[in-house]
Each structure stands twice: as structure tokens, then as C-alpha cells.
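> Got a structure for you, final.txt, holding compact mmCIF, C-alpha atoms.
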```
# COMPACT_ATOMS: atom_id res chain seq x y z
CA MET H 16 19.29 -12.15 -4.21
CA ARG H 17 19.86 -12.26 -0.46
CA ASP H 18 17.81 -9.06 -0.08
CA LEU H 19 14.80 -10.73 -1.72
CA GLY H 20 14.77 -13.34 1.01
CA ALA H 21 15.34 -10.72 3.70
CA GLY H 22 12.37 -8.68 2.48
CA PHE H 23 10.10 -11.72 2.53
CA SER H 24 11.44 -12.59 5.99
CA HIS H 25 10.36 -9.17 7.31
CA LEU H 26 6.87 -9.80 5.93
CA ILE H 27 6.61 -13.16 7.69
CA LYS H 28 8.10 -11.80 10.94
CA GLY H 29 5.55 -8.99 10.94
CA GLN H 30 2.66 -11.46 10.66
CA ARG H 31 4.17 -13.61 13.41
CA TRP H 32 4.66 -10.53 15.61
CA VAL H 33 0.97 -9.58 15.56
CA ALA H 34 -0.01 -13.24 15.96
CA ARG H 35 1.93 -13.27 19.26
CA HIS H 36 0.46 -9.90 20.30
CA GLY H 37 -3.26 -10.44 19.85
CA LYS H 38 -4.17 -7.03 21.28
CA TRP H 39 -2.28 -5.24 18.51
CA PHE H 40 -3.72 -7.54 15.86
CA GLY H 41 -7.20 -6.56 16.99
CA ILE H 42 -6.34 -2.86 17.07
CA GLY H 43 -4.73 -3.05 13.61
CA LEU H 44 -7.76 -4.88 12.25
CA LEU H 45 -10.23 -2.06 12.94
CA PRO H 46 -9.13 0.41 10.19
CA GLY H 47 -9.19 -2.32 7.54
CA LEU H 48 -12.70 -3.38 8.54
CA ILE H 49 -13.93 0.22 8.48
CA THR H 50 -12.41 0.77 5.03
CA LEU H 51 -13.80 -2.54 3.79
CA PHE H 52 -17.36 -1.59 4.78
CA LEU H 53 -16.98 1.85 3.17
CA TYR H 54 -15.66 0.35 -0.07
CA ALA H 55 -18.28 -2.41 -0.10
CA GLY H 56 -21.04 0.19 0.21
CA ALA H 57 -19.50 2.32 -2.53
CA LEU H 58 -19.17 -0.67 -4.89
CA VAL H 59 -22.76 -1.79 -4.23
CA GLY H 60 -23.94 1.74 -5.01
CA LEU H 61 -21.82 1.77 -8.16
CA GLY H 62 -23.26 -1.59 -9.19
CA TYR H 63 -26.79 -0.22 -8.92
CA GLY H 64 -25.98 3.05 -10.64
CA ALA H 65 -23.54 2.00 -13.36
CA ASP H 66 -26.28 1.27 -15.90
CA ASP H 67 -27.93 4.65 -15.28
CA LEU H 68 -24.54 6.32 -15.72
CA ALA H 69 -24.06 4.46 -19.00
CA ASP H 70 -27.47 5.66 -20.21
CA TRP H 71 -26.67 9.24 -19.18
CA VAL H 72 -23.35 9.46 -21.03
CA THR H 73 -24.69 7.88 -24.26
CA PRO H 74 -27.78 9.92 -25.21
CA PHE H 75 -26.61 9.84 -28.82
CA ALA H 76 -27.37 6.10 -28.93
CA ASP H 77 -31.04 6.37 -27.89
CA ASP H 78 -32.22 5.77 -31.45
CA TRP H 79 -29.82 2.89 -32.18
CA SER H 80 -31.40 -0.39 -33.15
CA SER H 81 -30.97 -3.67 -31.32
CA PRO H 82 -28.54 -5.26 -30.52
CA TRP H 83 -26.13 -2.30 -30.84
CA LEU H 84 -27.76 -0.11 -28.19
CA GLY H 85 -27.74 -2.89 -25.59
CA LEU H 86 -24.23 -3.98 -26.52
CA LEU H 87 -22.83 -0.45 -26.17
CA ARG H 88 -24.45 0.31 -22.83
CA THR H 89 -23.79 -3.13 -21.35
CA THR H 90 -20.12 -2.86 -22.29
CA LEU H 91 -19.90 0.63 -20.82
CA THR H 92 -21.64 -0.53 -17.62
CA VAL H 93 -19.12 -3.34 -17.19
CA LEU H 94 -16.21 -0.97 -17.84
CA VAL H 95 -17.50 1.57 -15.29
CA PHE H 96 -17.80 -1.11 -12.60
CA ALA H 97 -14.41 -2.64 -13.52
CA PHE H 98 -12.79 0.80 -13.26
CA GLY H 99 -14.40 1.35 -9.87
CA LEU H 100 -13.12 -2.03 -8.70
CA PHE H 101 -9.63 -1.21 -9.97
CA LEU H 102 -9.65 2.09 -8.08
CA ALA H 103 -10.79 0.28 -4.95
CA VAL H 104 -7.91 -2.19 -5.18
CA ILE H 105 -5.14 0.37 -5.77
CA THR H 106 -6.42 2.83 -3.15
CA PHE H 107 -7.41 0.38 -0.39
CA THR H 108 -4.05 0.40 1.37
CA ALA H 109 -3.66 4.19 1.22
CA VAL H 110 -7.17 4.82 2.55
CA THR H 111 -6.79 2.17 5.27
CA LEU H 112 -3.51 3.72 6.41
CA LEU H 113 -5.13 7.16 6.45
CA VAL H 114 -8.17 5.96 8.41
CA GLY H 115 -5.98 4.01 10.80
CA GLN H 116 -3.12 6.51 11.17
CA PRO H 117 -3.28 6.66 15.01
CA PHE H 118 -3.78 2.88 15.29
CA TYR H 119 -0.95 1.93 12.95
CA GLU H 120 1.40 4.52 14.37
CA SER H 121 0.89 3.06 17.84
CA LEU H 122 1.39 -0.47 16.49
CA SER H 123 4.59 0.59 14.70
CA GLU H 124 5.88 2.29 17.85
CA GLU H 125 5.26 -0.89 19.84
CA VAL H 126 7.25 -2.94 17.31
CA ASP H 127 10.10 -0.43 17.59
CA ARG H 128 10.07 -0.72 21.37
CA ALA H 129 10.08 -4.51 21.21
CA GLU H 130 12.98 -4.49 18.76
CA GLY H 131 15.16 -1.64 19.95
CA GLY H 132 13.84 -0.21 23.22
CA GLU H 133 12.83 3.20 21.83
CA ALA H 134 10.27 4.49 19.38
CA PRO H 135 11.09 7.63 17.35
CA GLU H 136 8.33 10.24 17.22
CA SER H 137 7.72 12.90 14.60
CA GLY H 138 6.64 15.47 17.19
CA LEU H 139 3.85 16.70 14.89
CA PRO H 140 0.19 17.09 15.87
CA LEU H 141 -2.18 14.42 14.59
CA TRP H 142 -3.91 16.70 12.09
CA ARG H 143 -0.54 17.54 10.51
CA GLU H 144 0.45 13.88 10.27
CA LEU H 145 -2.89 13.08 8.61
CA TRP H 146 -2.39 15.91 6.11
CA ILE H 147 1.14 14.77 5.23
CA SER H 148 -0.02 11.14 4.88
CA ALA H 149 -2.92 12.12 2.61
CA ARG H 150 -0.72 14.38 0.48
CA ASP H 151 1.99 11.73 0.07
CA SER H 152 -0.59 9.03 -0.71
CA VAL H 153 -1.99 11.16 -3.54
CA ARG H 154 1.52 11.66 -4.93
CA ILE H 155 2.16 7.90 -4.82
CA LEU H 156 -1.19 7.11 -6.44
CA VAL H 157 -0.39 9.53 -9.28
CA ARG H 158 2.86 7.66 -9.89
CA VAL H 159 1.02 4.33 -9.82
CA ALA H 160 -1.57 5.64 -12.29
CA LEU H 161 1.18 6.74 -14.71
CA TYR H 162 2.78 3.30 -14.53
CA ALA H 163 -0.65 1.70 -15.02
CA VAL H 164 -1.26 3.66 -18.23
CA LEU H 165 2.19 2.78 -19.57
CA LEU H 166 1.85 -0.91 -18.73
CA PHE H 167 -1.65 -0.99 -20.22
CA ALA H 168 -0.24 0.30 -23.50
CA LEU H 169 2.66 -2.17 -23.40
CA GLY H 170 0.17 -4.96 -22.81
CA PHE H 171 -0.75 -4.89 -26.49
CA ILE H 172 2.76 -6.03 -27.49
CA PRO H 173 2.49 -9.68 -28.64
CA VAL H 174 3.86 -12.30 -26.21
CA ALA H 175 5.71 -9.78 -23.98
CA GLY H 176 2.45 -8.01 -23.23
CA GLN H 177 0.98 -11.22 -21.83
CA THR H 178 4.08 -12.44 -19.95
CA VAL H 179 6.70 -9.81 -19.08
CA VAL H 180 4.37 -6.83 -18.65
CA PRO H 181 2.15 -8.48 -15.97
CA LEU H 182 5.29 -9.41 -14.02
CA ILE H 183 6.49 -5.81 -14.17
CA GLY H 184 3.04 -4.72 -13.04
CA PHE H 185 3.23 -6.93 -9.95
CA CYS H 186 6.68 -5.52 -9.16
CA VAL H 187 5.45 -1.92 -9.49
CA THR H 188 2.43 -2.66 -7.29
CA GLY H 189 4.57 -4.38 -4.65
CA TYR H 190 7.17 -1.61 -4.66
CA PHE H 191 4.70 1.20 -4.02
CA LEU H 192 2.74 -0.93 -1.56
CA ALA H 193 5.94 -1.32 0.46
CA GLU H 194 6.54 2.44 0.23
CA GLU H 195 3.10 3.23 1.64
CA LEU H 196 3.53 0.77 4.51
CA THR H 197 7.07 1.77 5.47
CA ALA H 198 5.95 5.42 5.46
CA VAL H 199 4.29 4.81 8.86
CA ALA H 200 7.67 4.10 10.50
CA LEU H 201 9.81 6.38 8.34
CA GLN H 202 7.62 9.44 8.85
CA ARG H 203 8.09 8.99 12.58
CA ARG H 204 11.82 9.19 11.85
CA GLY H 205 11.33 12.54 10.15
CA MET H 206 11.73 11.41 6.53
CA VAL H 207 9.83 13.17 3.76
CA LEU H 208 8.57 11.37 0.66
CA LYS H 209 11.53 12.34 -1.53
CA ASP H 210 14.05 10.89 0.93
CA ARG H 211 11.95 7.77 1.47
CA LEU H 212 11.94 7.04 -2.25
CA VAL H 213 15.72 7.51 -2.42
CA LEU H 214 16.14 5.16 0.53
CA LEU H 215 13.93 2.49 -1.04
CA ARG H 216 15.66 2.72 -4.43
CA GLY H 217 18.93 1.86 -2.72
CA ARG H 218 17.52 -1.56 -1.69
CA ARG H 219 15.13 -2.46 -4.52
CA LEU H 220 15.38 -6.23 -4.07
CA LEU H 221 14.67 -5.91 -0.34
CA ILE H 222 11.58 -3.83 -1.10
CA LEU H 223 10.35 -6.20 -3.81
CA GLY H 224 10.89 -9.22 -1.55
CA PHE H 225 8.51 -7.61 0.93
CA GLY H 226 6.00 -5.91 -1.36
CA VAL H 227 5.43 -8.35 -4.23
CA PRO H 228 4.26 -11.34 -2.12
CA LEU H 229 2.07 -8.99 -0.08
CA GLY H 230 0.60 -7.46 -3.24
CA LEU H 231 -0.22 -10.92 -4.60
CA ALA H 232 -1.89 -11.87 -1.30
CA PHE H 233 -3.93 -8.65 -1.39
CA LEU H 234 -5.53 -9.84 -4.65
CA VAL H 235 -7.49 -12.43 -2.65
CA PRO H 236 -10.78 -10.89 -1.43
CA PHE H 237 -10.76 -9.83 2.26
CA VAL H 238 -7.19 -11.05 2.79
CA ALA H 239 -5.86 -7.47 2.82
CA VAL H 240 -7.94 -6.66 5.91
CA PHE H 241 -6.45 -9.50 7.97
CA LEU H 242 -2.89 -9.01 6.72
CA MET H 243 -2.74 -5.25 7.31
CA PRO H 244 -1.72 -5.36 11.01
CA GLY H 245 1.12 -7.77 10.26
CA ALA H 246 2.04 -5.82 7.14
CA VAL H 247 2.49 -2.64 9.21
CA ALA H 248 4.55 -4.56 11.80
CA GLY H 249 6.67 -6.12 9.04
CA ALA H 250 7.10 -2.75 7.32
CA THR H 251 8.43 -1.33 10.59
CA LEU H 252 11.02 -4.13 10.68
CA LEU H 253 11.78 -3.35 7.04
CA ALA H 254 12.22 0.35 7.86
CA ARG H 255 14.61 -0.54 10.67
CA ASP H 256 16.63 -2.65 8.23
CA LEU H 257 16.74 0.22 5.72
CA MET H 258 17.93 2.61 8.43
CA GLY H 259 20.52 0.16 9.74
CA GLU H 260 18.84 -0.16 13.14
CA GLY H 261 19.50 -3.47 14.88
CA SER H 262 17.28 -5.48 17.21
CA ASP H 263 18.17 -5.35 20.90
CA ASP H 264 15.16 -7.07 22.41
CA GLY H 265 15.60 -10.73 23.24
CA ASP H 266 11.95 -11.63 23.74
CA ASP H 267 11.26 -11.86 19.99
CA GLU H 268 11.82 -15.42 18.90
CA ASP H 269 13.15 -14.13 15.60
CA ALA H 270 15.93 -12.15 17.23
CA ASP H 271 18.52 -14.75 16.28
CA ASP H 272 17.44 -14.89 12.65
CA GLU H 273 19.86 -13.53 10.11
CA GLU H 274 19.12 -9.85 9.49
CA GLY H 275 19.16 -8.21 6.07
CA GLU H 276 22.08 -5.94 5.37
CA GLY H 277 21.18 -2.42 6.55
CA THR H 278 22.35 0.72 4.85
CA LEU H 279 22.17 4.28 6.03
CA PRO H 280 20.83 6.94 3.68
CA ALA H 281 23.51 8.66 1.60
CA SER H 282 22.56 12.00 3.17
CA PRO H 283 20.72 13.01 6.36
CA PRO H 284 16.93 12.90 5.86
CA HIS H 285 14.92 16.09 5.68
CA ARG H 286 12.81 16.45 8.79
CA VAL H 287 9.06 16.65 8.44
CA ASN H 288 8.52 20.05 10.00
CA ASP H 289 6.12 21.84 7.73
```
Any chance you could put this one into C-alpha cells?

Amino acid sequence: MRDLGAGFSHLIKGQRWVARHGKWFGIGLLPGLITLFLYAGALVGLGYGADDLADWVTPFADDWSSPWLGLLRTTLTVLVFAFGLFLAVITFTAVTLLVGQPFYESLSEEVDRAEGGEAPESGLPLWRELWISARDSVRILVRVALYAVLLFALGFIPVAGQTVVPLIGFCVTGYFLAEELTAVALQRRGMVLKDRLVLLRGRRLLILGFGVPLGLAFLVPFVAVFLMPGAVAGATLLARDLMGEGSDDGDDEDADDEEGEGTLPASPPHRVND
């Protein structure tokens, strides 16, 4: 249970770090705002076009009598928009990280310097880092989609489907949210997706302590945009904990706080060199 508290502590420390470094908060805010405007425009367009899409995919119902025709197409319109909103929620972090790759990498490097005096670098060109980030994000989203289908089916189980299953869903969301955020720091340390997942599985409670509260906060409209800079900073602290890297810098007021127990990976990570 100690790891749960340590994970939440990294989340809070990350928010406090960017609050004390206003420049980096502003820099980290830009990608989220760009993504927010893109998603808002897409959702507005979907809202205007969802009814036309419903008409287009149900030509067989043109001769149906009222109220069945209206009921079918209204229900389908609502489902189309709800699905679009769901996709927006589960992809927002991945797209924001992709859009803001240079910004968040610089922010993460600055946190590393403040904590330990050096910032590991992948040594890859920007285009290669963007490709690897996009590829890994797609792989993570596929995993999330598979869990979503399974949990949706389990949701029809009486009682458990309305209590236990939603809790599991929040845990799954928080876990993969933490994976996406820690990827910024861990990729700079040369770790590929497979090794990152192994590393995270070794400290599940630590990951859930960080990711679940953040995932719950992201459910509040617009909150994700303002929490992203601190989330990246906190995820860098989390990555340092996972890698067993201590804090050497004394200017952080949290330096005397109790650190979570760090563990090294069971085997050396595979370098990102392709």
C-alpha cells in the first residue's frame, strides 16, 4: 500500500514543480490547448453531421412509419456522437503527447536536471522519436480498446457490472495513462515499449497511485489541458523512481520527502535504435 501513496505523491510533486516553474507550465500548456481546439472542432463537426450519417447508413428505414423511423435515427445519432466523444477522451493524452513531443521532452529533461543533475537523451532525430511515439501510442490504444470491449461485456453482469467493473475500468485507464506519460522520460533512457510494460508491471500499485487519480481528474472538462504539464513532470519523477534514480538537487522543496522504493529492471533495457 505504500506504493499507492508514493505514486500519488509523484503526481502532486509534478504539479507543484510546474507551479514553481511558470515558464515550463506555459510551455507544457501549448500542446494541450492545440489538441483541445482540434478536438473541439472535430466534435462540433461530428455534432452537425451525425444525423446525416445516421440517415446515410439506414436507407432501409426510409419507408418506416412514425415514431420508429425517428426513434431509430435519433438513437443512432446519439450513439455516433457518444462514440466520437469516447474516442476523444481515450486518445486525448496520446495525441497531446505526440503534438507536444519536443515541448514535453524538454520539460522532462529539465525535471531530470533539477532532480539529478543530468538528463538522459535518446540520441535519435526528432522525426524518429515522433514515429516511435505514434507507433507505441497506437499499440497502447489497441490494448485499451480490447479492455474496453471486455469490460463493456462484463458490465451486463448483475451487481458486479455496476460496481466492480467500473472500478476495474478506472484502474485500466489510469494504468495506461501512466504508461503513456512515463514513456516521455523512459524513451529518453532508451527503453522500448515491451521493456516499459515489464517495468511498470513490477510496480503496479505505484503506477495505479499515479494514474488513477489523474484519470479521474481528466474526466472533468478542460482539466486535462491544465494538468498535462504537471502530469509530465510527475511522470518523470515516477520514471526516476521506477529506475531507482535518486534526487540530488536540494532546491526542490520536496527533496526531503520520503521517496518510493525504486527497483531496477530485471534485465537491461533494449535501446531504441531502430
> Write out as lines of an AutoDock Vina configuration file an axis-aligned box for segment 95-101 of chain H: all of its atoms listed in the file, 6 Å added on each side, centre and edge lengths in Å with one decimal.

```
center_x = -13.7
center_y = -0.5
center_z = -12.0
size_x = 20.2
size_y = 16.2
size_z = 18.6
```
> Please, what distance in Å, to one decimal, runs between atom CA of Gln30 of chain H and atom CA of Gly43 of chain H?
11.6 Å
> Counting all atoms listed in the file, which residues of segment 62-121 of chain H fall within 12 Å of segment 150-171 of chain H, and what is the closest atom pair for each with its distance in Å at one decimal, ordered by chain and rising number, as a tab-separated table?

```
residue	atom	partner	partner_atom	distance
H:Phe101	CA	H:Ala163	CA	10.7
H:Leu102	CA	H:Ala160	CA	9.8
H:Ala103	CA	H:Leu156	CA	11.9
H:Val104	CA	H:Leu156	CA	11.5
H:Ile105	CA	H:Leu156	CA	7.8
H:Thr106	CA	H:Leu156	CA	7.5
H:Phe107	CA	H:Leu156	CA	11.0
H:Thr108	CA	H:Ser152	CA	9.5
H:Ala109	CA	H:Ser152	CA	6.0
H:Val110	CA	H:Ser152	CA	8.5
H:Thr111	CA	H:Ser152	CA	11.0
H:Leu112	CA	H:Ser152	CA	9.3
H:Leu113	CA	H:Ser152	CA	8.7
```
> Rounded to one decimal, what separation in Å do you get between atom CA of Gly47 of chain H and atom CA of Met243 of chain H?
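Atom CA of Met243 of chain H lies at a distance of 7.1 Å from atom CA of Gly47 of chain H.
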> Record the distance separating atom CA of Gly138 of chain H and atom CA of Arg203 of chain H, expressed in Å with one decimal.
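Answer for the atom CA of Gly138 of chain H to atom CA of Arg203 of chain H separation: 8.1 Å.
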> Hey, what's within 8 Å of Val126 of chain H if we count all atoms listed in the file and toss same-chain stuff fewer than 2 positions away? As a PDB file with C-alpha atoms, in the coordinates of the input, please?

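After the write, part.pdb holds the following:
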```
ATOM      1  CA  LEU H 122       1.390  -0.470  16.490  1.00  0.00           C
ATOM      2  CA  SER H 123       4.590   0.590  14.700  1.00  0.00           C
ATOM      3  CA  GLU H 124       5.880   2.290  17.850  1.00  0.00           C
ATOM      4  CA  ARG H 128      10.070  -0.720  21.370  1.00  0.00           C
ATOM      5  CA  ALA H 129      10.080  -4.510  21.210  1.00  0.00           C
ATOM      6  CA  GLU H 130      12.980  -4.490  18.760  1.00  0.00           C
ATOM      7  CA  ALA H 248       4.550  -4.560  11.800  1.00  0.00           C
ATOM      8  CA  THR H 251       8.430  -1.330  10.590  1.00  0.00           C
ATOM      9  CA  LEU H 252      11.020  -4.130  10.680  1.00  0.00           C
TER      10      LEU H 252
END
```
> If we count only C-alpha atoms, what is near Phe23 of chain H at a cut-off of 9 Å, once residues fewer than 3 positions away on the same chain are taken out, given as a ChimeraX atom specification?
/H:18-20,26-28,221-229
> Using all atoms listed in the file, which residue out of H:Phe118, H:Phe233, H:Phe185, H:Phe52 lies closest to Lys38 of chain H?
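Residue with the minimum atom-to-atom distance to Lys38 of chain H: H:Phe118.
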> Pick the closest to Val59 of chain H from H:Leu87, H:Leu100, H:Ala193, H:Leu94: which is it, counting only C-alpha atoms?
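The answer is H:Leu100, which sits nearest to Val59 of chain H.
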> My list of candidates is H:Pro82, H:Asp127, H:Glu136, H:Ser148. Which is closest to Val207 of chain H when distances are computed with only C-alpha atoms?
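Looking only at the distances to Val207 of chain H, the closest residue turns out to be H:Ser148.
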> For Leu212 of chain H, which residue among H:Leu141, H:Leu48, H:Leu68, H:Ala198 is the nearest when counting all atoms listed in the file?
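Going through H:Leu141, H:Leu48, H:Leu68, H:Ala198 one by one, the smallest distance to Leu212 of chain H is for H:Ala198.
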> Here is a test: counting all atoms listed in the file, which residue of H:Ile42, H:Ala97, H:Ala21, H:Val114 is nearest to Gly245 of chain H?
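Of all the options, H:Ile42 lies closest to Gly245 of chain H.
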> Residues within 10 Å of Phe96 of chain H, please, as a list of chain:residue names. Count only C-alpha atoms; anything in the same chain fewer than 5 positions from it doesn't count.
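Using only C-alpha atoms, the neighbours found are H:Leu58, H:Val59, H:Leu61, H:Gly62, H:Tyr63, H:Gly64, H:Ala65, H:Asp66, H:Leu91, H:Phe101, H:Leu102.
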